[in-house]
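**Q** Please read through the structure below; I'll follow up with questions.
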Amino acid sequence: MSNREKIIVLDFGGQYNQLIARRVRELGVYCEVKPYTMPIDEIKEENPIGIIFTGGPQSVYLDDSPKVDKEIFSLGIPILGICYGCQLIAQLLGGSVVAASDDNAREYGKTNTYLNPDCEIFDDIPENSSTWMSHGDYMEKVPNGFVNVGHSAACPNAAIANKEKRFYALQFHPEVNHTEYGKTIIKNFLYKVCQAKGDWNMDDFGKITIQRLKSEIGENSRILLALSGGVDSAVLAALLSRVVGKRLTCVFVDHGLMRKDEGDEIEATFKSWDINFVRVNTEKRFLDKLKNIEDPQEKRHIIGAEFGYVFRDEAEKFGITNSDYLAQGTIYPDVIESGEGDAEVIKSHHNKLLPPEVIARFKGIVEPLDLLFKDEVRALGRNLGLPETIINRQPFPGPGLAIRIIGDVTQEKADTLRQADYIMREEIANAGEDKNINQYFAVLTNLRSVGVMGDGRTYDYTLALRAVTTTDFMTADYARIPYDILDRISNRIINEVKGINRIVYDITSKPPATVEWE
Ligand code: XMP
């Protein structure tokens, strides 16, 4: 590992920080995210070929906002600053950053931006393109030694560069897909500025992780794996069975809030693998706990905790002791959206909500995929030889239909939603659209409205259809499903599912919405 070229991403608390790392790895360069407090000596020891400063929620001109030691600018290492990171470079090197007033330089969303093609990090991209902006402060004065290489209508200094020192600062976010040529910009930074050769791929990740876990877990300990049946935990099952063999027990908790037939399908798939597989049916246990609970975060906390208690009970049953481990297929978006580090809580993913007494019950929690994004997990799954049917399964959140039923969750609502969701999925698959859409499902809203069916008045629930295209699930676009397919879904659901009299289609992207409604 030590000879491998590396990029260090210094984390200032933005939502997209691991996405930067993900982009860098995707472009073939190994990359690690480190806290912004990483001492300069450690940075030197790591010998990175480049450093990236991330975005963050604070304002650089405040005394207590995160800063770096100015010595970092004397290391001779190229630096790319993004959003907060860009403003930090400006502020620390003698420029100035100020708060935008409402009508001046504050930007949020896709923004047409001019990028100077003479600047090497903008090679191979048109002069005008769309970038993703998300800032309330802006660079007012460019530091000495830098030149302006980009602007938008509202933001005079959207990109600045000091070619001699190899420092580049971008007000927009090149790491998100909404920035049209973002990936090319990062590629140019890596290959044209940092002179990367590109010596990293997911195969290495699998090999390195298996070796590391073998030495950490040892020859005797067992692992209880929380298997949801989705791609993340399935990939983890394949990985861990290479680490501990039959000392792995995979527990699938069917909480009764799965999609139609899903529990049986998961059982059939994993029973055919050469692993210890256990299915636990706990429908009543979860529904009782969720009774009259309406708040989304409360639902998530209850479900996360209950999963933990079921794993603890199963561990007792199978003689798994406190010298053994609990493993979860947590991936990076679960971690960041649950608000770890300096990031804001967006929603707490179920696998980050284990009660402390459950954690204490095991020697440790094994989450080796927690720095990866969904598409990286899929690439790893392919390297481990998993079938495409598992790799391409659309994601299904751990809390299941509980977070797709807005308001309180009942058995009756779950049955209604299951039926409607099945029809939507069937029609999308029949139309062959399942290959173009990365996740699609129905949401039972808590809204009832008046309708007319036959000759009578109805007062029933509104169902929302949600379908998105995305690669990393950190950002997503709503899918442009053809009207005739929407028509068929709507007609069938209204005719076949009792209790629903209105269908709406969700046309928001992420951000500003999220994929799930809760
Ligand atoms: P959001 O709604 O956060 O969803 O935009 C992004 C992706 O994460 C899935 N998701 C979850 N997956 N446990 C999971 O395993 C959870 O608690 C959870 N919440 C959301 C969601 O389905 C989408 O694929």
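Each chain of the structure tokens is named A, B, ... in the order shown, its residues numbered from 1; ligands are numbered from 1 in display order.
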I need the residues in stretch 23-65 of chain A that are strand (DSSP E or B) according to DSSP; give them as a PyMOL selection string.

**A** chain A and resi 30-35+50-53

**Q** I need the helix (DSSP H, G or I) residues of stretch 77-131 of chain A per DSSP on the backbone, written as number ranges by chain.

**A** A: 84-92, 120-122

**Q** Keeping only all heavy atoms, take the residues you just selected and write them out as a compact mmCIF listing (two decimals), in the first residue's frame.

**A**
```txt
# COMPACT_ATOMS: atom_id res chain seq x y z
N TYR A 84 -16.59 25.43 0.65
CA TYR A 84 -15.94 25.95 1.86
C TYR A 84 -14.41 25.88 1.70
O TYR A 84 -13.69 26.81 2.07
CB TYR A 84 -16.38 25.12 3.08
CG TYR A 84 -15.76 25.58 4.39
CD1 TYR A 84 -16.41 26.51 5.19
CD2 TYR A 84 -14.53 25.09 4.81
CE1 TYR A 84 -15.84 26.94 6.38
CE2 TYR A 84 -13.95 25.51 5.99
CZ TYR A 84 -14.61 26.43 6.78
OH TYR A 84 -14.05 26.86 7.96
N GLY A 85 -13.93 24.78 1.13
CA GLY A 85 -12.49 24.60 0.93
C GLY A 85 -11.90 25.67 0.02
O GLY A 85 -10.77 26.11 0.22
N CYS A 86 -12.69 26.09 -0.94
CA CYS A 86 -12.26 27.15 -1.86
C CYS A 86 -12.17 28.48 -1.10
O CYS A 86 -11.19 29.22 -1.19
CB CYS A 86 -13.29 27.21 -3.00
SG CYS A 86 -13.61 28.79 -3.73
N GLN A 87 -13.19 28.72 -0.29
CA GLN A 87 -13.20 29.98 0.47
C GLN A 87 -12.07 30.01 1.50
O GLN A 87 -11.49 31.05 1.78
CB GLN A 87 -14.56 30.16 1.13
CG GLN A 87 -15.68 30.31 0.10
CD GLN A 87 -17.07 30.26 0.71
OE1 GLN A 87 -17.23 30.08 1.91
NE2 GLN A 87 -18.08 30.39 -0.14
N LEU A 88 -11.77 28.82 2.04
CA LEU A 88 -10.70 28.73 3.03
C LEU A 88 -9.36 29.10 2.39
O LEU A 88 -8.56 29.83 2.97
CB LEU A 88 -10.65 27.31 3.59
CG LEU A 88 -9.76 27.11 4.81
CD1 LEU A 88 -10.30 27.89 6.00
CD2 LEU A 88 -9.66 25.63 5.15
N ILE A 89 -9.12 28.59 1.19
CA ILE A 89 -7.87 28.94 0.49
C ILE A 89 -7.81 30.46 0.30
O ILE A 89 -6.81 31.10 0.59
CB ILE A 89 -7.81 28.21 -0.89
CG1 ILE A 89 -7.65 26.71 -0.67
CG2 ILE A 89 -6.67 28.77 -1.75
CD1 ILE A 89 -7.66 25.87 -1.94
N ALA A 90 -8.94 31.03 -0.17
CA ALA A 90 -8.97 32.48 -0.41
C ALA A 90 -8.67 33.25 0.88
O ALA A 90 -7.81 34.13 0.92
CB ALA A 90 -10.32 32.88 -0.98
N GLN A 91 -9.35 32.86 1.94
CA GLN A 91 -9.23 33.59 3.21
C GLN A 91 -7.82 33.46 3.79
O GLN A 91 -7.22 34.45 4.20
CB GLN A 91 -10.25 32.99 4.20
CG GLN A 91 -10.24 33.56 5.59
CD GLN A 91 -11.20 34.74 5.72
OE1 GLN A 91 -11.84 35.13 4.74
NE2 GLN A 91 -11.28 35.31 6.90
N LEU A 92 -7.27 32.24 3.78
CA LEU A 92 -5.97 32.02 4.42
C LEU A 92 -4.82 32.62 3.62
O LEU A 92 -3.78 32.95 4.17
CB LEU A 92 -5.71 30.52 4.64
CG LEU A 92 -6.59 29.82 5.67
CD1 LEU A 92 -6.27 28.34 5.74
CD2 LEU A 92 -6.43 30.46 7.06
N GLU A 120 -5.78 24.54 -16.86
CA GLU A 120 -5.62 23.10 -17.14
C GLU A 120 -6.71 22.23 -16.51
O GLU A 120 -7.05 21.19 -17.05
CB GLU A 120 -4.22 22.58 -16.74
CG GLU A 120 -3.67 23.00 -15.40
CD GLU A 120 -3.22 24.45 -15.38
OE1 GLU A 120 -3.00 25.05 -16.44
OE2 GLU A 120 -3.15 25.00 -14.27
N ILE A 121 -7.29 22.67 -15.37
CA ILE A 121 -8.31 21.78 -14.82
C ILE A 121 -9.65 21.88 -15.58
O ILE A 121 -10.55 21.10 -15.34
CB ILE A 121 -8.53 21.91 -13.29
CG1 ILE A 121 -9.05 23.26 -12.88
CG2 ILE A 121 -7.28 21.59 -12.52
CD1 ILE A 121 -9.54 23.21 -11.43
N PHE A 122 -9.72 22.84 -16.51
CA PHE A 122 -10.93 22.93 -17.34
C PHE A 122 -10.68 22.45 -18.77
O PHE A 122 -11.47 22.74 -19.68
CB PHE A 122 -11.50 24.36 -17.32
CG PHE A 122 -11.83 24.85 -15.93
CD1 PHE A 122 -11.53 26.15 -15.54
CD2 PHE A 122 -12.41 23.99 -15.01
CE1 PHE A 122 -11.83 26.60 -14.26
CE2 PHE A 122 -12.70 24.43 -13.72
CZ PHE A 122 -12.40 25.74 -13.34
```

**Q** Contacts of A:Phe172 at 9 Å or less, counting only C-alpha atoms, minus same-chain residues fewer than 6 places along, as a VMD selection string?

**A** chain A and resid 82 to 83 86 111 131 to 135 158 to 159 179

**Q** Taking into account only C-alpha atoms, which residue in the set A:Lys6, A:Arg361, A:Arg404, A:Lys70 is nearest to A:Asn47?

**A**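 Ranked by minimum distance to A:Asn47, first place goes to A:Lys6.
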
**Q** A:Arg242: which residues within 12 Å, counting only C-alpha atoms, same-chain residues fewer than 2 positions away excluded, as a list in words?

**A**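 Once the adjacent positions are removed, what remains is Gly206, Lys207, Thr209, Ile210, Gln211, Arg212, Leu213, Lys214, Val235, Leu236, Ala237, Ala238, Leu239, Leu240, Val244, Gly245, Lys246, Arg247, Leu248, Asp274, Ile275 and Leu384 of chain A.
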
**Q** Please, which residues in chain A fall within 7 Å of ligand 1 when counting only C-alpha atoms and all ligand atoms, and what is the closest atom pair and distance in Å to one decimal for each, ordered by chain then residue number, as CSV?

**A**
```
residue,atom,partner,partner_atom_place_in_ligand_line,distance
A:Arg300,CA,ligand 1,17 (O),6.7
A:Pro333,CA,ligand 1,8 (O),6.8
A:Asp334,CA,ligand 1,13 (N),6.6
A:Glu337,CA,ligand 1,3 (O),6.6
A:Lys347,CA,ligand 1,3 (O),6.5
A:Ser348,CA,ligand 1,17 (O),6.2
A:His349,CA,ligand 1,17 (O),3.2
A:His350,CA,ligand 1,17 (O),4.0
A:Asn351,CA,ligand 1,13 (N),6.4
A:Pro395,CA,ligand 1,24 (O),5.0
A:Phe396,CA,ligand 1,22 (O),5.0
A:Pro397,CA,ligand 1,12 (N),3.5
A:Gly398,CA,ligand 1,13 (N),4.2
A:Pro399,CA,ligand 1,17 (O),5.6
A:Gln439,CA,ligand 1,24 (O),6.8
A:Phe473,CA,ligand 1,6 (C),5.0
A:Met474,CA,ligand 1,6 (C),6.4
A:Lys510,CA,ligand 1,5 (O),6.7
A:Thr514,CA,ligand 1,5 (O),3.7
A:Val515,CA,ligand 1,5 (O),3.7
A:Glu516,CA,ligand 1,2 (O),3.6
A:Trp517,CA,ligand 1,2 (O),6.4
A:Glu518,CA,ligand 1,2 (O),6.8
```

**Q** List the spatial neighbours of A:Leu287 as a PyMOL selection string - criterion: any atom at most 10 Å away, only C-alpha atoms, same-chain residues fewer than 4 positions off excluded.

**A** chain A and resi 255-257+282-283+291-292+303+402+409-411

**Q** Work out how far apart atom CA of A:Pro512 and atom CA of A:Lys110 are and give it in Å to one decimal.

**A**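 Distance between the two atoms: 11.6 Å.
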
**Q** Do you have, as a Markdown table, the list of residues of stretch 18-99 of chain A lying at most 9 Å from stretch 188-195 of chain A, each with its nearest atom pair and that distance in Å to one decimal, counting only C-alpha atoms and ordered by chain then number?

**A**
```
| residue | atom | partner | partner_atom | distance |
| --- | --- | --- | --- | --- |
| A:Val24 | CA | A:Leu190 | CA | 7.9 |
| A:Leu27 | CA | A:Leu190 | CA | 8.4 |
| A:Val29 | CA | A:Leu190 | CA | 8.0 |
| A:Ile49 | CA | A:Cys194 | CA | 5.7 |
| A:Gly50 | CA | A:Cys194 | CA | 5.8 |
| A:Ile77 | CA | A:Cys194 | CA | 8.1 |
| A:Pro78 | CA | A:Cys194 | CA | 6.3 |
| A:Ile79 | CA | A:Phe189 | CA | 8.9 |
| A:Leu80 | CA | A:Phe189 | CA | 7.6 |
```

**Q** Using the selection just defined, write its residues with N, CA and C atoms as a compact mmCIF listing (two decimals), in the first residue's frame.

**A**
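Now in again.txt:
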```
# COMPACT_ATOMS: atom_id res chain seq x y z
N VAL A 24 -12.64 10.25 -6.89
CA VAL A 24 -11.20 10.09 -7.08
C VAL A 24 -10.88 8.61 -7.28
N LEU A 27 -11.79 7.32 -10.55
CA LEU A 27 -10.86 7.72 -11.60
C LEU A 27 -9.52 7.00 -11.46
N VAL A 29 -7.53 6.45 -8.63
CA VAL A 29 -6.51 6.90 -7.69
C VAL A 29 -6.99 6.62 -6.27
N ILE A 49 -0.15 12.70 -3.40
CA ILE A 49 0.19 13.42 -4.64
C ILE A 49 -0.67 14.67 -4.78
N GLY A 50 -1.73 14.77 -3.97
CA GLY A 50 -2.58 15.95 -4.00
C GLY A 50 -3.48 15.98 -2.78
N ILE A 77 2.61 20.49 -2.44
CA ILE A 77 1.63 19.50 -2.91
C ILE A 77 0.46 20.26 -3.55
N PRO A 78 -0.04 19.82 -4.71
CA PRO A 78 -1.19 20.49 -5.32
C PRO A 78 -2.41 20.44 -4.40
N ILE A 79 -3.21 21.51 -4.40
CA ILE A 79 -4.41 21.57 -3.56
C ILE A 79 -5.60 22.00 -4.41
N LEU A 80 -6.71 21.28 -4.21
CA LEU A 80 -7.98 21.68 -4.84
C LEU A 80 -8.96 21.99 -3.71
```

**Q** Residues at most 9 Å from A:Ile428, counting only C-alpha atoms, excluding those fewer than 3 positions away in the same chain, as a list in words?

**A** Ile423, Met424, Arg425, Ala431, Gly432, Glu433, Asp434, Tyr440, Ile481, Ile485, Leu486 and Ile489 of chain A

**Q** Could you tell me which of A:Asp484, A:Asp199, A:Asp254, A:Glu298 comes closest to A:Glu26 if we count only C-alpha atoms?

**A**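 With only C-alpha atoms as the atom set, the closest residue is A:Asp199.
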
**Q** Of the candidates A:Pro387, A:Gly339, A:Gly304, A:Gly28, which shows the shortest atom-to-atom distance to A:Leu353, using only C-alpha atoms?

**A**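 Smallest distance to A:Leu353 is found for A:Gly304.
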
**Q** Measure the distance from atom CA of A:Ser65 to atom CA of A:Thr37 in Å and round it to one decimal.

**A** 11.8 Å

**Q** Between atom CA of A:Met139 and atom CA of A:Gly95, what is the distance, to one decimal in Å?

**A**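 A separation of 7.5 Å between them.
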